[in-house]
Each structure stands twice: as C-alpha cells, then as structure tokens.
Amino acid sequence: MKLFLKIIPIITLFILPSTILGQSEKECEVIIDSAIQKMFRKEHTKSLEMLIRVKSVSEQKKWDKSNFRATNNIGLNYYLMTDFGEALKYYLEAYDIATNMPDKKHVMTVVNNIAVLYFQEKNNKKAYEYFLKAYQTAKENNRNDKAGAYAVNLGLVLNKLNKVNEAYKYIQEAETLTKDDPKVNIMYKMALAENLYLKKKYKESEAIIDNLIPQIQSSDENENLVFLLLIKAQINEKKGDLTSAKSLALQARKLSPNINNREEVYNYLSKINAETKNYDESLKYKDSVIIANDSISKINNSTLFNNGKIKFEMQNYQFELKESHQRLKDERKIFYIIIASAVIIILLVLLFLYNNSIKYKQQKKITQLEFEKKQSDNLILTQQLKEQETLSLLEKERLKNEIEQQNRQLTSQALTISSRNDVVEEIIEAIVNQPEISNNAKLVNSIKDLKIQLKSNNQWDSFFKHFEGVNQNFITTLKERHPDLSSSEIRFICYVYMNLSHKEIASILNISPESCRKRKERISKKLNLPDKINLYDYISAI
C-alpha cells in the first residue's frame, strides 16, 4: 500500500554583505529574497527572471554564496512547477557550486532537494542514497537540527522500502533531535506511526495517530491528515473493522488537497469496497483512478506547455541579458575614457595649484616650527614645576612618616611608664602588708616618699612636652578651639590622636576599657561632634 510523504525542499537563506562597483552582493541577496517570495506566490516567471539576473552577476563577480542561492532556488521554482528534469539540472549545478565552497552546509541543502526529486519520481532507492548523504553531511558539520529532519526523511523512505528496522533506527534518533522544531517533530511522529503499522504494532501506531490528528487539523495540514487517516484505515482493516476503515478512507478523499493525492485514496476505496463485496462502488472508484490519471496527464501536459513557454521566455531573457552586458561593457569603455581624461585635467590643475602653494606651505612650516619651539619651552617649564611639586609631596610624606614614627615611640614610652608604675605600686602594696615593715618607721617614711614620687606628673609632663614637639601646635590649636577642656581630657585626646586602642589607653590611665570607651563618648559630646563623625577623624584634621 502506498502512503503519502510530505518532504519540503530546503531553501537557502544565507546573507553575506559586500559592496563593489555596480550591483553589490548585498543587493543581490535582497533580490534573491524577493524572488523567493514571488516563487511561493506562484509568480514563477518573475521569480526566475530575478534569479537568473542574480546568477549572471554572481558568476561574473565569483560570489559563490549568492550564485549557490540563485541556482538552488531556480531549481526549486522548476520543482514547484513539477518540471523535475529542469529542477534536477539546476540542483546538480548548485551541488557543483556547493562542493567547491569551504562551508559544506550548502551541500546538505541541495542534496536533500535532489533526494526529494527522486522521491517524487518514486525512485526510493535513489532518494534514500541522497537523503543519507544529506544526513551524513549534517552530522559531520554538527548541525543536529538539520540531522533530525534528514533522519525523519530517511525513516519515511526506508518505510517505503519496507526496511522497517533500519527505518526505526533513524526515527528513534530523530526523536531527540527534533524536539525544538514542532513541525519536524510532527513529521517524526508520522514516520513512527507508519513504522509501527508496518511492524504490525497497530495499537501503538493508532495511539500516536489519535494524538496527532487534532494537532494537524488545527494547523490545516490536509496532506499530512490524509496520510494519517489512510494508516488508521488500514489498521482498522487489519483488525477486521471494515466499516471504520471505509469511513476513514472517505474522510481522506474529502480532504485530499490535489488530484495527484486522490489516486492513492481512490485505489484504497476500490480495494476496501471490494472486500465488503460492494463491487459497484469498487468499480466506480477504479474508474475514478482512471479519470484521475487522465486528469493528471492533462494537467502535466498543460504544465509542460506552460513550462515550455516559461523556458522560452527565460532563454529570451538570458539572450537579452547577454546583449545588455555587452552594451554595458561598451558603455564602460567610453566611461573609462571620460574618467581618464577628467583625471588628467584634474592632475594638471592640482599640479598648478601645488606649485603656487609650495611657498605658502614653506612659510607656514617655519611659523609652525617657531610655535612648536615655544610649546616645547612651555612644556619643559611645566615639567620642571611638576617635578618641584613632586619633590614637595615627597618631603611632606617623609615628614609625616617621621611624625608617625616619633608618635609610635611616644606610645611605647607611655605604655612603658604606665607598666612600670603599675609594677612599682604592686610591689609597694605587697611590702606595706608585711608586719615587720609597718614597725619600721624609717622604712614607712621612705615608702610614703616613693608613693608621692609615683603620683608626680614630672614624667608625664616630659611625655607631653615631647608630644608637642613631635605634633607641633596640636595641643595649642585644640585648646584654642575648645578652651573648656580639662588637662585630663586633653591628655586622653592625645592618646586617641596617637591612635591607641581602648585597651592601651585604659592600661595607661589605669581604668577599664569600658570606662575608656565612655570617656571617649563624653569628650565627643563635649566637642559637639555629630554621631556620624568619629573622634579620631576629627582630631586628625586639626
């Protein structure tokens, strides 16, 4: 039983921008796109005229991609006009162009189109050979999207050749490769349904068909719908439900899009009516097959006649195009002579102007040199100023580092004094608590003198004298800005200025870190500092 197969030739749509004298390659690409639109509107004569013109220009300019597109779509025009011989001629020419191009993706496009022609001629072995070549080329170039479509085509052709196991291998592979393309995915499911039917897995095949029919009805793809209805009719026939089989075949007859497809439906209706012993109806459908064949012959004859007229028009157009090219060459020669004469005249005028302007240029050059010298002097002066500024910055940085170093030494000295006094106090406390010491009046007086010495601020006065020497005018400026600060608060601020931690300041003042933090907060409030301004940041700017 013959089944329908819808395989659409692939149209190349590659664009490579480039511009040259005359018609640019980009303009040729635009013409090709316009010609393709006219082709699908069945304006084949106009489409072919445009494509032949582009082909002629592309051959002269050696634009392989534009030449390939034009040639391939000329073949597609003839394919849609059912002139398969002429279509094959141009497809083979497009194939020769594609094989000489570095990008082999064009090869698989035209090979697929050739396979479609063989399929339409019912030469399934040749169709399989070219579909396989297209599939292998797609695989070699990592074009999985194209490989999926070609795998579906291989599955459908192998179904025709009744190589169902080999067909199933390609159909299975197409399942993952066609997920992103809904139309090709539908074709994969159709091929799978046919394959399962040929394997006599009727239930699985019918489940796929029942799922597909609503999708195809919504997309108005009658040819695919007829394909599925005939498979389902045959499944019902195999199950012995001849009434359902006949009903499905009648639905397919109503939906057959053109007379070429009806022959298949009429043959099946004749067969099913014969099986139900409705011989009159069977004979009527046999007659319908004969009538359909006659109609097809008439249509083909009419098509051949129309195609002949189009070919004559195309040949005449090509002849006119050659004459036009020759006229263009002659006109270009005249144009080049005029251009050459104009160039000579312009060169003479330019030479004259050049000689007159040479003195002016020399004078201008002298003025420019004087100006450049003045600029150079200014640049040297600017550079010297920059160097002086850099030296000043370096000196300032050196002084800053020295101050920081001396502050670190003062910090160390303050911590040492504090630590030493703490140790001495601890020792005094330990000695005083001894009974034998308390009975010695002379020793008790010496200890009192030592305590008085510890409370003396002589060492701290010396420390702050050194601090003021390192950080000149800091304390003076601080007192001028905030005269209400006490000496202990100024002392605390000096420790903060030296960037001592709370713990280090607490050790020096013999207080807890928490008390140190609170004292810092009180001083900040006394200085009326906002919450967002840190005490250290403020005093560092003094």
# chains A, B, ... in the order shown; residues from 1 in each chain; ligands from 1

call {"tool": "residues_around", "arguments": {"residues": "Ala193 (chain A)", "least_positions_apart": "5", "cutoff": "7 Å", "atoms": "only C-alpha atoms", "output": "compact mmCIF listing (two decimals) with C-alpha atoms, in the first residue's frame"}}
result
# COMPACT_ATOMS: atom_id res chain seq x y z
CA SER A 205 0.54 3.20 15.93
CA ILE A 208 0.16 8.12 18.05
CA ILE A 209 -2.24 8.86 15.17

call {"tool": "closest_residue", "arguments": {"among": "A:Lys55, A:Lys532, A:Lys104, A:Lys396", "to": "Asn67 (chain A)", "atoms": "only C-alpha atoms"}}
result
A:Lys55

call {"tool": "residues_around", "arguments": {"residues": "Lys526 (chain A)", "least_positions_apart": "6", "cutoff": "10 Å", "atoms": "only C-alpha atoms", "output": "list in words"}}
result
His482, Asp484, Leu485 and Lys520 of chain A

call {"tool": "write_last_selection", "arguments": {"atoms": "N, CA, C and O atoms", "output": "PDB file, in the first residue's frame"}}
result
ATOM      1  N   HIS A 482      38.735  74.562  71.755  1.00  0.00           N
ATOM      2  CA  HIS A 482      37.898  74.052  72.855  1.00  0.00           C
ATOM      3  C   HIS A 482      38.553  74.430  74.187  1.00  0.00           C
ATOM      4  O   HIS A 482      39.187  73.587  74.852  1.00  0.00           O
ATOM      5  N   ASP A 484      37.354  74.911  77.062  1.00  0.00           N
ATOM      6  CA  ASP A 484      36.741  74.333  78.265  1.00  0.00           C
ATOM      7  C   ASP A 484      37.230  72.914  78.541  1.00  0.00           C
ATOM      8  O   ASP A 484      36.754  72.256  79.475  1.00  0.00           O
ATOM      9  N   LEU A 485      38.172  72.390  77.777  1.00  0.00           N
ATOM     10  CA  LEU A 485      38.678  71.026  78.002  1.00  0.00           C
ATOM     11  C   LEU A 485      39.619  71.026  79.206  1.00  0.00           C
ATOM     12  O   LEU A 485      40.461  71.931  79.353  1.00  0.00           O
ATOM     13  N   LYS A 520      35.503  58.480  76.119  1.00  0.00           N
ATOM     14  CA  LYS A 520      35.624  58.936  74.720  1.00  0.00           C
ATOM     15  C   LYS A 520      34.291  59.501  74.227  1.00  0.00           C
ATOM     16  O   LYS A 520      34.248  60.524  73.537  1.00  0.00           O
TER      17      LYS A 520
END

call {"tool": "atom_distance", "arguments": {"atom1": "CA of Val30 (chain A)", "atom2": "CA of Ile52 (chain A)"}}
result
14.0 Å
